[in-house]
>>> print(open('entry_22.txt').read())   # compact mmCIF, C-alpha atoms
# COMPACT_ATOMS: atom_id res chain seq x y z
CA MET W 1 5.37 -8.27 29.77
CA ASN W 2 3.44 -10.02 32.53
CA ASP W 3 -0.32 -10.18 32.85
CA LYS W 4 -0.43 -7.75 35.75
CA THR W 5 0.95 -4.75 33.83
CA GLN W 6 -1.47 -5.64 31.04
CA THR W 7 -4.67 -5.45 33.08
CA ASP W 8 -3.39 -2.47 35.08
CA ARG W 9 -2.88 -0.36 31.98
CA THR W 10 -5.00 2.76 31.87
CA ILE W 11 -6.55 4.25 28.75
CA TRP W 12 -3.83 6.94 28.78
CA SER W 13 -1.06 4.38 29.00
CA GLU W 14 -2.52 2.53 26.00
CA ILE W 15 -2.79 5.81 24.05
CA GLY W 16 0.82 6.72 24.85
CA ARG W 17 2.13 3.28 23.89
CA GLY W 18 0.06 3.25 20.71
CA LEU W 19 1.49 6.61 19.66
CA LEU W 20 5.05 5.50 20.42
CA ALA W 21 4.63 2.30 18.41
CA THR W 22 3.11 4.18 15.45
CA LEU W 23 5.62 7.05 15.22
CA PRO W 24 8.18 5.14 13.09
CA VAL W 25 5.58 4.18 10.46
CA MET W 26 4.21 7.74 10.51
CA ILE W 27 7.69 9.00 9.68
CA SER W 28 8.10 6.49 6.87
CA ALA W 29 4.67 7.43 5.46
CA PHE W 30 5.37 11.18 5.33
CA PRO W 31 7.23 11.37 1.97
CA PHE W 32 4.42 9.30 0.50
CA GLY W 33 1.79 11.82 1.66
CA LEU W 34 3.89 14.76 0.53
CA ILE W 35 4.42 13.28 -2.92
CA PHE W 36 0.78 12.32 -3.25
CA GLY W 37 -0.25 15.94 -2.61
CA ALA W 38 2.28 17.34 -5.07
CA LEU W 39 1.63 14.69 -7.71
CA GLY W 40 -2.15 15.17 -7.49
CA ILE W 41 -1.69 18.87 -8.24
CA ALA W 42 0.84 18.10 -11.00
CA LYS W 43 -1.69 15.75 -12.63
CA GLY W 44 -4.19 18.59 -12.78
CA LEU W 45 -6.48 17.79 -9.85
CA SER W 46 -7.79 20.67 -7.72
CA PRO W 47 -6.42 21.09 -4.17
CA LEU W 48 -9.91 20.25 -2.87
CA ALA W 49 -10.01 16.99 -4.82
CA VAL W 50 -6.53 15.96 -3.69
CA MET W 51 -7.30 16.76 -0.04
CA SER W 52 -10.66 14.98 -0.25
CA MET W 53 -8.98 11.82 -1.46
CA SER W 54 -6.67 11.73 1.55
CA LEU W 55 -9.51 12.55 3.96
CA PHE W 56 -12.20 10.23 2.58
CA VAL W 57 -10.43 7.48 0.66
CA PHE W 58 -7.44 7.20 3.02
CA SER W 59 -5.66 4.48 1.08
CA GLY W 60 -2.21 5.42 -0.19
CA SER W 61 -1.76 2.83 -2.90
CA ALA W 62 -5.29 3.24 -4.27
CA GLN W 63 -4.93 7.05 -4.29
CA PHE W 64 -1.64 6.88 -6.21
CA VAL W 65 -3.01 4.42 -8.72
CA ALA W 66 -6.14 6.54 -9.20
CA ILE W 67 -4.17 9.67 -10.17
CA LEU W 68 -1.89 7.53 -12.32
CA LEU W 69 -4.92 6.08 -14.12
CA LEU W 70 -6.46 9.54 -14.47
CA GLY W 71 -3.28 10.59 -16.29
CA THR W 72 -3.73 7.80 -18.82
CA GLY W 73 -7.35 8.80 -19.43
CA SER W 74 -8.90 5.76 -17.74
CA GLY W 75 -12.60 5.76 -16.92
CA LEU W 76 -14.31 5.65 -13.53
CA GLY W 77 -14.98 1.91 -13.77
CA VAL W 78 -11.30 1.07 -14.18
CA ILE W 79 -10.33 3.31 -11.24
CA TRP W 80 -12.98 1.74 -9.01
CA LEU W 81 -11.95 -1.76 -10.07
CA ALA W 82 -8.30 -0.93 -9.32
CA THR W 83 -9.33 0.38 -5.88
CA LEU W 84 -11.22 -2.84 -5.22
CA ILE W 85 -8.38 -5.12 -6.26
CA LEU W 86 -5.70 -3.06 -4.52
CA ASN W 87 -7.60 -3.13 -1.25
CA LEU W 88 -8.56 -6.81 -1.19
CA ARG W 89 -5.65 -7.33 1.19
CA HIS W 90 -7.76 -5.59 3.83
CA LEU W 91 -9.96 -8.70 3.99
CA LEU W 92 -6.93 -10.58 5.21
CA TYR W 93 -5.98 -7.83 7.67
CA ALA W 94 -9.50 -7.80 9.08
CA ALA W 95 -9.59 -11.60 9.27
CA THR W 96 -6.32 -11.53 11.22
CA LEU W 97 -7.40 -8.88 13.76
CA VAL W 98 -11.10 -9.68 14.11
CA ASP W 99 -10.67 -11.80 17.25
CA HIS W 100 -9.43 -8.72 19.12
CA VAL W 101 -12.34 -6.42 18.23
CA ARG W 102 -15.24 -8.90 18.44
CA HIS W 103 -16.18 -7.76 21.98
CA LEU W 104 -16.39 -4.07 21.01
CA ASN W 105 -19.59 -2.26 20.08
CA GLN W 106 -20.42 -1.52 16.44
CA ILE W 107 -19.26 2.13 16.58
CA TRP W 108 -15.78 1.05 17.65
CA ARG W 109 -15.74 -1.73 15.08
CA PHE W 110 -16.70 0.74 12.34
CA GLY W 111 -13.96 3.21 13.27
CA LEU W 112 -11.26 0.60 13.70
CA SER W 113 -12.07 -0.94 10.31
CA ALA W 114 -12.51 2.26 8.28
CA TRP W 115 -9.22 3.69 9.59
CA LEU W 116 -7.14 0.55 9.20
CA THR W 117 -4.03 0.91 7.01
CA ASP W 118 -1.10 -1.34 6.15
CA GLU W 119 0.96 0.48 8.76
CA THR W 120 -1.57 0.24 11.60
CA PHE W 121 -2.16 -3.40 10.71
CA ALA W 122 1.57 -4.07 11.09
CA VAL W 123 1.65 -2.21 14.44
CA MET W 124 -1.45 -3.95 15.85
CA GLU W 125 -0.58 -7.45 14.64
CA ARG W 126 2.77 -7.07 16.43
CA ARG W 127 1.18 -5.64 19.59
CA TYR W 128 -1.37 -8.46 19.96
CA ARG W 129 1.25 -11.09 19.13
CA ILE W 130 3.88 -9.83 21.59
CA GLU W 131 1.90 -8.12 24.37
CA GLY W 132 -1.45 -9.88 24.07
CA ASP W 133 -4.86 -8.35 24.62
CA ALA W 134 -5.89 -5.95 27.40
CA PRO W 135 -9.09 -4.21 28.53
CA TYR W 136 -8.15 -0.93 26.83
CA ALA W 137 -6.09 -2.31 23.91
CA HIS W 138 -8.58 -0.77 21.47
CA TRP W 139 -7.40 2.70 22.56
CA TYR W 140 -3.89 1.71 21.44
CA TYR W 141 -5.41 0.63 18.11
CA LEU W 142 -7.45 3.85 17.76
CA THR W 143 -4.41 6.01 18.55
CA SER W 144 -2.45 4.23 15.83
CA CYS W 145 -5.31 4.80 13.34
CA LEU W 146 -5.67 8.50 14.17
CA GLY W 147 -1.90 9.04 14.14
CA MET W 148 -1.68 7.64 10.61
CA TYR W 149 -4.77 9.55 9.50
CA LEU W 150 -3.68 12.98 10.77
CA ASN W 151 -0.14 12.38 9.50
CA TRP W 152 -1.46 11.47 6.04
CA ALA W 153 -3.78 14.49 5.90
CA PHE W 154 -1.07 16.89 7.13
CA TRP W 155 1.58 15.78 4.62
CA THR W 156 -0.93 15.69 1.76
CA PHE W 157 -1.69 19.33 2.60
CA ILE W 158 2.02 20.27 2.62
CA GLY W 159 2.41 18.45 -0.71
CA ILE W 160 -0.51 20.39 -2.18
CA VAL W 161 1.05 23.70 -1.05
CA LEU W 162 4.44 22.76 -2.55
CA GLY W 163 2.84 21.37 -5.69
CA THR W 164 0.87 24.58 -6.22
CA GLN W 165 3.88 26.83 -5.66
CA TYR W 166 6.37 24.95 -7.79
CA LYS W 167 5.01 24.45 -11.26
CA GLY W 168 6.58 21.58 -13.17
CA ILE W 169 7.06 19.63 -9.97
CA GLU W 170 6.07 16.51 -11.94
CA LYS W 171 9.32 16.80 -13.93
CA TRP W 172 11.42 16.55 -10.76
CA GLY W 173 11.05 12.78 -10.92
CA LEU W 174 8.97 12.64 -7.74
CA GLU W 175 7.01 9.74 -9.22
CA PHE W 176 10.11 7.71 -8.61
CA ALA W 177 9.53 8.05 -4.85
CA MET W 178 6.47 5.84 -5.34
CA VAL W 179 8.65 3.24 -7.05
CA VAL W 180 11.21 3.16 -4.23
CA THR W 181 8.51 3.24 -1.53
CA PHE W 182 6.75 0.22 -3.06
CA ILE W 183 10.12 -1.53 -3.45
CA GLY W 184 10.67 -0.89 0.27
CA ILE W 185 7.32 -2.53 1.05
CA VAL W 186 7.63 -5.45 -1.39
CA MET W 187 11.21 -6.65 -0.78
CA PRO W 188 10.77 -7.49 2.94
CA ALA W 189 7.47 -9.22 2.06
CA LEU W 190 9.26 -11.71 -0.23
CA ARG W 191 9.58 -14.19 2.62
CA SER W 192 9.72 -17.49 0.70
CA ARG W 193 10.05 -18.86 -2.82
CA PRO W 194 6.30 -18.69 -3.69
CA TYR W 195 6.35 -14.94 -2.96
CA TRP W 196 9.39 -14.43 -5.19
CA VAL W 197 7.72 -16.41 -7.99
CA ALA W 198 4.47 -14.44 -7.52
CA ALA W 199 6.32 -11.11 -7.76
CA ILE W 200 8.40 -12.14 -10.79
CA VAL W 201 5.37 -13.51 -12.69
CA ALA W 202 3.42 -10.33 -11.85
CA ALA W 203 6.33 -8.18 -13.10
CA VAL W 204 6.75 -10.11 -16.37
CA VAL W 205 3.04 -10.25 -17.22
CA ALA W 206 2.47 -6.59 -16.29
CA THR W 207 5.44 -5.56 -18.44
CA LEU W 208 4.30 -7.63 -21.42
CA GLY W 209 0.82 -6.18 -21.02
CA HIS W 210 1.82 -2.58 -20.34
CA ALA W 211 0.41 -1.34 -23.63
CA LEU W 212 -3.05 -2.86 -23.02
CA PRO W 213 -5.83 -0.31 -22.50
CA PHE W 214 -7.18 0.62 -19.06
CA LYS W 215 -4.05 -0.62 -17.24
CA LEU W 216 -5.31 -4.15 -17.77
CA GLY W 217 -1.68 -5.30 -17.73
CA LEU W 218 -1.62 -4.42 -14.02
CA MET W 219 -4.68 -6.55 -13.28
CA LEU W 220 -3.49 -9.49 -15.42
CA GLY W 221 -0.04 -9.29 -13.86
CA ALA W 222 -1.47 -9.32 -10.32
CA LEU W 223 -3.83 -12.22 -11.03
CA ALA W 224 -1.13 -14.27 -12.80
CA GLY W 225 1.27 -13.63 -9.92
CA ILE W 226 -1.27 -14.62 -7.29
CA GLY W 227 -2.10 -17.79 -9.25
CA ALA W 228 1.55 -18.76 -9.70
CA GLY W 229 2.50 -18.07 -6.08
CA LEU W 230 -0.53 -19.88 -4.69
CA ALA W 231 -0.01 -22.90 -6.98
CA LEU W 232 3.64 -23.25 -5.95
CA GLN W 233 2.74 -22.88 -2.28
CA GLU W 234 0.01 -25.54 -2.54
CA ILE W 235 2.38 -27.96 -4.30
CA LYS W 236 4.95 -27.43 -1.54
CA ARG W 237 2.26 -27.91 1.10
CA ARG W 238 1.05 -31.17 -0.45
CA ASN W 239 4.58 -32.51 -0.85
CA ALA W 240 5.31 -31.68 2.78
CA ALA W 241 2.06 -33.37 3.85
CA SER W 242 2.78 -36.54 1.83
CA GLU W 243 6.29 -36.75 3.31
CA VAL W 244 4.83 -36.65 6.80
CA ALA W 245 2.27 -39.28 5.84
CA MET F 1 -12.69 14.43 -16.17
CA SER F 2 -15.22 16.99 -15.01
CA GLY F 3 -15.57 18.14 -11.41
CA ILE F 4 -18.63 15.94 -10.94
CA GLU F 5 -16.80 12.90 -12.29
CA ILE F 6 -13.87 13.58 -9.93
CA ALA F 7 -16.31 13.81 -7.02
CA MET F 8 -17.91 10.53 -8.14
CA MET F 9 -14.49 8.93 -8.41
CA ILE F 10 -13.58 9.96 -4.85
CA GLY F 11 -16.96 9.03 -3.40
CA GLY F 12 -16.87 5.67 -5.17
CA MET F 13 -13.34 4.93 -3.98
CA ALA F 14 -14.32 5.83 -0.40
CA LEU F 15 -17.35 3.52 -0.55
CA ILE F 16 -15.35 0.66 -2.10
CA ASN F 17 -12.72 0.97 0.61
CA LEU F 18 -15.39 0.88 3.29
CA ALA F 19 -17.14 -2.05 1.59
CA ILE F 20 -13.92 -4.06 1.86
CA ARG F 21 -12.75 -2.94 5.30
CA TRP F 22 -15.97 -2.86 7.29
CA PRO F 23 -17.94 -6.15 6.77
CA VAL F 24 -15.53 -8.49 8.55
CA TYR F 25 -15.72 -6.42 11.75
CA LEU F 26 -19.43 -5.69 11.27
CA PHE F 27 -20.27 -9.40 11.06
CA ALA F 28 -17.46 -10.36 13.43
CA ASP F 29 -19.62 -12.91 15.19
CA HIS F 30 -20.23 -14.97 12.05
CA VAL F 31 -17.27 -14.64 9.66
CA ARG F 32 -14.84 -17.37 8.75
CA PHE F 33 -12.70 -17.23 5.57
CA PRO F 34 -11.99 -20.35 3.52
CA ARG F 35 -8.31 -21.17 4.01
CA ILE F 36 -7.54 -21.11 0.28
CA VAL F 37 -8.87 -17.53 0.00
CA GLU F 38 -6.73 -16.38 2.92
CA ARG F 39 -3.68 -17.95 1.33
CA ALA F 40 -4.40 -16.31 -2.05
CA LEU F 41 -4.94 -12.87 -0.48
CA ALA F 42 -1.53 -13.06 1.16
CA PHE F 43 0.00 -12.64 -2.31
CA VAL F 44 -1.95 -9.49 -3.14
CA PRO F 45 0.40 -6.74 -1.85
CA VAL F 46 3.51 -8.30 -3.38
CA THR F 47 1.95 -8.90 -6.81
CA VAL F 48 -0.09 -5.71 -7.18
CA LEU F 49 2.64 -3.32 -6.07
CA THR F 50 5.19 -5.10 -8.28
CA ALA F 51 2.84 -5.02 -11.27
CA ILE F 52 2.48 -1.25 -10.78
CA ILE F 53 6.14 -0.29 -10.52
CA VAL F 54 8.01 -2.63 -12.88
CA PRO F 55 6.42 -1.25 -16.10
CA MET F 56 6.99 2.31 -14.74
CA VAL F 57 10.70 1.53 -14.38
CA LEU F 58 11.12 -0.26 -17.73
CA TYR F 59 9.03 2.21 -19.74
CA PRO F 60 10.00 5.61 -18.26
CA VAL F 61 8.71 7.43 -21.35
CA GLU F 62 5.00 6.98 -21.89
CA GLY F 63 4.46 5.22 -25.21
CA GLY F 64 8.23 4.80 -25.68
CA ASP F 65 10.40 1.70 -26.08
CA ILE F 66 11.51 -0.60 -23.30
CA GLN F 67 14.74 0.67 -21.65
CA LEU F 68 16.66 -2.31 -20.33
CA SER F 69 19.96 -0.44 -20.13
CA TRP F 70 22.24 1.18 -17.56
CA ARG F 71 21.40 4.53 -19.17
CA ASN F 72 17.92 4.29 -17.62
CA PRO F 73 18.09 6.16 -14.26
CA TYR F 74 14.77 4.60 -13.15
CA LEU F 75 16.25 1.12 -13.57
CA ILE F 76 19.48 2.02 -11.75
CA GLY F 77 17.62 3.65 -8.84
CA ALA F 78 15.19 0.75 -8.57
CA ILE F 79 17.94 -1.89 -8.53
CA VAL F 80 19.86 -0.03 -5.81
CA ALA F 81 16.67 0.49 -3.77
CA ALA F 82 15.83 -3.23 -4.08
CA ILE F 83 19.30 -4.20 -2.85
CA VAL F 84 19.09 -1.77 0.10
CA SER F 85 15.61 -2.98 1.05
CA TRP F 86 16.51 -6.67 0.66
CA ARG F 87 19.64 -6.26 2.80
CA TRP F 88 18.32 -4.03 5.62
CA HIS F 89 14.47 -4.23 5.48
CA LYS F 90 14.21 -0.53 6.35
CA LEU F 91 11.77 1.69 4.45
CA MET F 92 13.29 5.15 5.00
CA PRO F 93 16.86 4.28 3.88
CA THR F 94 15.38 2.49 0.86
CA ILE F 95 13.43 5.60 -0.15
CA LEU F 96 16.27 8.06 0.53
CA ILE F 97 19.10 6.05 -1.05
CA GLY F 98 16.93 5.03 -4.03
CA MET F 99 15.95 8.67 -4.67
CA ALA F 100 19.56 9.88 -4.24
CA VAL F 101 20.88 7.31 -6.72
CA PHE F 102 18.06 8.11 -9.16
CA PHE F 103 18.78 11.86 -9.10
CA ALA F 104 22.54 11.30 -9.28
CA ALA F 105 22.09 8.98 -12.28
CA ARG F 106 19.81 11.48 -14.02
CA TRP F 107 22.35 14.24 -13.48
CA ALA F 108 25.34 12.12 -14.52
CA LEU F 109 23.61 10.78 -17.65
CA GLY F 110 22.15 14.17 -18.51
CA VAL F 111 18.67 12.73 -19.13
>>> encode(input="entry_22.txt", output="structure tokens")
Amino acid sequence: MNDKTQTDRTIWSEIGRGLLATLPVMISAFPFGLIFGALGIAKGLSPLAVMSMSLFVFSGSAQFVAILLLGTGSGLGVIWLATLILNLRHLLYAATLVDHVRHLNQIWRFGLSAWLTDETFAVMERRYRIEGDAPYAHWYYLTSCLGMYLNWAFWTFIGIVLGTQYKGIEKWGLEFAMVVTFIGIVMPALRSRPYWVAAIVAAVVATLGHALPFKLGLMLGALAGIGAGLALQEIKRRNAASEVA
Amino acid sequence: MSGIEIAMMIGGMALINLAIRWPVYLFADHVRFPRIVERALAFVPVTVLTAIIVPMVLYPVEGGDIQLSWRNPYLIGAIVAAIVSWRWHKLMPTILIGMAVFFAARWALGV
């Protein structure tokens, strides 16, 4: 990519490229949306409630955890706390991308933040890193957001229809799709030893604490894992620094 | 939960999501994260998602005993999915192969 093609790009060219770059992650998100719709119905939520979650919450992992927690009889506070903790990663996403949206007006900034997902973050981080910025790059970003949003809403709807028609869909083992989807997200993210240690500590603590009320094992596991991974990383960093010095 | 509580749950989740996602862009001209916080947040996806799924796999029956055995189709499917994902880093094959192995194991074990 040279600078000329960058500045020459029209809004439509940015939209087309954004859609093309987002299609693969839309395809990989579809079973997730489908299963969320079906699982929500299986867990006893109304079609309206399930659809509203996908339209207004628009956060796959938080939505799954919320219906899981509902099934265990957790209260509102626990579900909200889980949503908060699960979505803290968005602070990092925003911090990473903020340089590219700073020049936009507040309406754009609102839309591009509210619609940001893991998938669009991955697409945009790559775009800015490889192709750089451009006058209409935010249209690429917006297209990616809307593609993910409409895809998520559409497949949630299909899942609701299937979930309503096939009673006992929860016994098909569809919950396992969430397990394999999260495995598919976590494994490539284990990029160095501190991440492996963080994941293993989180797994062990969460398993030991699985019987605690309000899914507290999940929270303790996550916090222990973050602490362990961060500590190991800091030790490595300091050792590396002292070797240089 | 009642209908009103469900509505409160959804509304609250939507607001919490917005409260996390929006401020950094809203105050884009002023924000700067401490480095240590950025480094800690990087571990969030890996730890939270792992803490969710590992107990699901090891305790497939709610309130049951731990099932650390090859007769647990959840464990077999998860191990195969982890190997596929670790080797090829592709989400769709991980989902499809993991599900296929899980269903095959359930059928073969008759559980």
>>> interface_residues(input="entry_22.txt", of="chain F", to="chain W", cutoff="7 Å", atoms="only C-alpha atoms", output="short mmCIF file (atom, residue, chain, number, x, y, z; two decimals) with C-alpha atoms, in the coordinates of the input")
data_model
loop_
_atom_site.label_atom_id
_atom_site.label_comp_id
_atom_site.auth_asym_id
_atom_site.auth_seq_id
_atom_site.Cartn_x
_atom_site.Cartn_y
_atom_site.Cartn_z
CA MET F 9 -14.49 8.93 -8.41
CA ILE F 10 -13.58 9.96 -4.85
CA GLY F 12 -16.87 5.67 -5.17
CA MET F 13 -13.34 4.93 -3.98
CA ALA F 14 -14.32 5.83 -0.40
CA ILE F 16 -15.35 0.66 -2.10
CA ASN F 17 -12.72 0.97 0.61
CA LEU F 18 -15.39 0.88 3.29
CA ILE F 20 -13.92 -4.06 1.86
CA ARG F 21 -12.75 -2.94 5.30
CA TRP F 22 -15.97 -2.86 7.29
CA VAL F 24 -15.53 -8.49 8.55
CA TYR F 25 -15.72 -6.42 11.75
CA LEU F 26 -19.43 -5.69 11.27
CA ALA F 28 -17.46 -10.36 13.43
CA ASP F 29 -19.62 -12.91 15.19
CA GLU F 38 -6.73 -16.38 2.92
CA ALA F 40 -4.40 -16.31 -2.05
CA LEU F 41 -4.94 -12.87 -0.48
CA PHE F 43 0.00 -12.64 -2.31
CA VAL F 44 -1.95 -9.49 -3.14
CA PRO F 45 0.40 -6.74 -1.85
CA VAL F 46 3.51 -8.30 -3.38
CA THR F 47 1.95 -8.90 -6.81
CA VAL F 48 -0.09 -5.71 -7.18
CA LEU F 49 2.64 -3.32 -6.07
CA THR F 50 5.19 -5.10 -8.28
CA ALA F 51 2.84 -5.02 -11.27
CA ILE F 52 2.48 -1.25 -10.78
CA ILE F 53 6.14 -0.29 -10.52
CA VAL F 54 8.01 -2.63 -12.88
CA PRO F 55 6.42 -1.25 -16.10
CA ALA F 78 15.19 0.75 -8.57
CA ALA F 81 16.67 0.49 -3.77
CA ALA F 82 15.83 -3.23 -4.08
CA SER F 85 15.61 -2.98 1.05
CA TRP F 86 16.51 -6.67 0.66
CA HIS F 89 14.47 -4.23 5.48
CA LEU F 91 11.77 1.69 4.45
CA MET F 92 13.29 5.15 5.00
CA THR F 94 15.38 2.49 0.86
CA ILE F 95 13.43 5.60 -0.15
CA GLY F 98 16.93 5.03 -4.03
CA MET F 99 15.95 8.67 -4.67
#
>>> atom_distance(input="entry_22.txt", atom1="atom CA of F:Ala42", atom2="atom CA of W:Met124")
17.3 Å
>>> atom_distance(input="entry_22.txt", atom1="atom CA of W:Thr143", atom2="atom CA of W:Ser13")
11.1 Å
>>> residues_around(input="entry_22.txt", residues="W:Met148", least_positions_apart="4", cutoff="7 Å", atoms="only C-alpha atoms", output="ChimeraX atom specification")
/W:26,144,152
>>> write_last_selection(input="entry_22.txt", atoms="C-alpha atoms", output="mmCIF file, in the frame of the given file")
data_model
loop_
_atom_site.group_PDB
_atom_site.id
_atom_site.type_symbol
_atom_site.label_atom_id
_atom_site.label_comp_id
_atom_site.auth_asym_id
_atom_site.auth_seq_id
_atom_site.Cartn_x
_atom_site.Cartn_y
_atom_site.Cartn_z
ATOM 1 C CA MET W 26 4.210 7.740 10.510
ATOM 2 C CA SER W 144 -2.450 4.230 15.830
ATOM 3 C CA TRP W 152 -1.460 11.470 6.040
#
>>> closest_residue(input="entry_22.txt", among="W:Thr156, W:Thr10, W:Ser192, W:Gln165", to="W:Gly60", atoms="only C-alpha atoms")
W:Thr156
>>> decode(input="entry_22.txt", residues="stretch 39-55 of chain W", atoms="N, CA and C atoms", output="short mmCIF file (atom, residue, chain, number, x, y, z; two decimals), in the first residue's frame")
data_model
loop_
_atom_site.label_atom_id
_atom_site.label_comp_id
_atom_site.auth_asym_id
_atom_site.auth_seq_id
_atom_site.Cartn_x
_atom_site.Cartn_y
_atom_site.Cartn_z
N LEU W 39 -30.17 -21.02 23.06
CA LEU W 39 -29.90 -21.27 24.48
C LEU W 39 -30.73 -20.34 25.37
N GLY W 40 -30.89 -19.08 24.93
CA GLY W 40 -31.70 -18.14 25.68
C GLY W 40 -33.12 -18.64 25.84
N ILE W 41 -33.68 -19.17 24.74
CA ILE W 41 -35.03 -19.74 24.78
C ILE W 41 -35.06 -20.98 25.67
N ALA W 42 -34.02 -21.84 25.52
CA ALA W 42 -33.95 -23.07 26.31
C ALA W 42 -33.89 -22.76 27.80
N LYS W 43 -33.25 -21.64 28.16
CA LYS W 43 -33.12 -21.27 29.57
C LYS W 43 -34.37 -20.55 30.08
N GLY W 44 -35.38 -20.45 29.24
CA GLY W 44 -36.65 -19.93 29.70
C GLY W 44 -36.87 -18.44 29.50
N LEU W 45 -35.97 -17.76 28.78
CA LEU W 45 -36.19 -16.34 28.49
C LEU W 45 -37.18 -16.20 27.34
N SER W 46 -37.90 -15.07 27.30
CA SER W 46 -38.84 -14.83 26.21
C SER W 46 -38.05 -14.43 24.96
N PRO W 47 -38.64 -14.68 23.77
CA PRO W 47 -37.97 -14.25 22.53
C PRO W 47 -37.63 -12.76 22.55
N LEU W 48 -38.52 -11.94 23.12
CA LEU W 48 -38.26 -10.49 23.19
C LEU W 48 -37.01 -10.20 24.03
N ALA W 49 -36.90 -10.90 25.17
CA ALA W 49 -35.75 -10.67 26.05
C ALA W 49 -34.45 -11.09 25.37
N VAL W 50 -34.49 -12.24 24.69
CA VAL W 50 -33.28 -12.74 24.03
C VAL W 50 -32.84 -11.78 22.93
N MET W 51 -33.84 -11.35 22.11
CA MET W 51 -33.54 -10.42 21.02
C MET W 51 -33.03 -9.09 21.56
N SER W 52 -33.65 -8.61 22.64
CA SER W 52 -33.23 -7.33 23.23
C SER W 52 -31.79 -7.38 23.70
N MET W 53 -31.39 -8.52 24.24
CA MET W 53 -30.00 -8.63 24.70
C MET W 53 -29.04 -8.44 23.53
N SER W 54 -29.34 -9.11 22.41
CA SER W 54 -28.43 -8.98 21.26
C SER W 54 -28.46 -7.58 20.67
N LEU W 55 -29.62 -6.92 20.72
CA LEU W 55 -29.74 -5.58 20.12
C LEU W 55 -29.15 -4.50 21.02
#
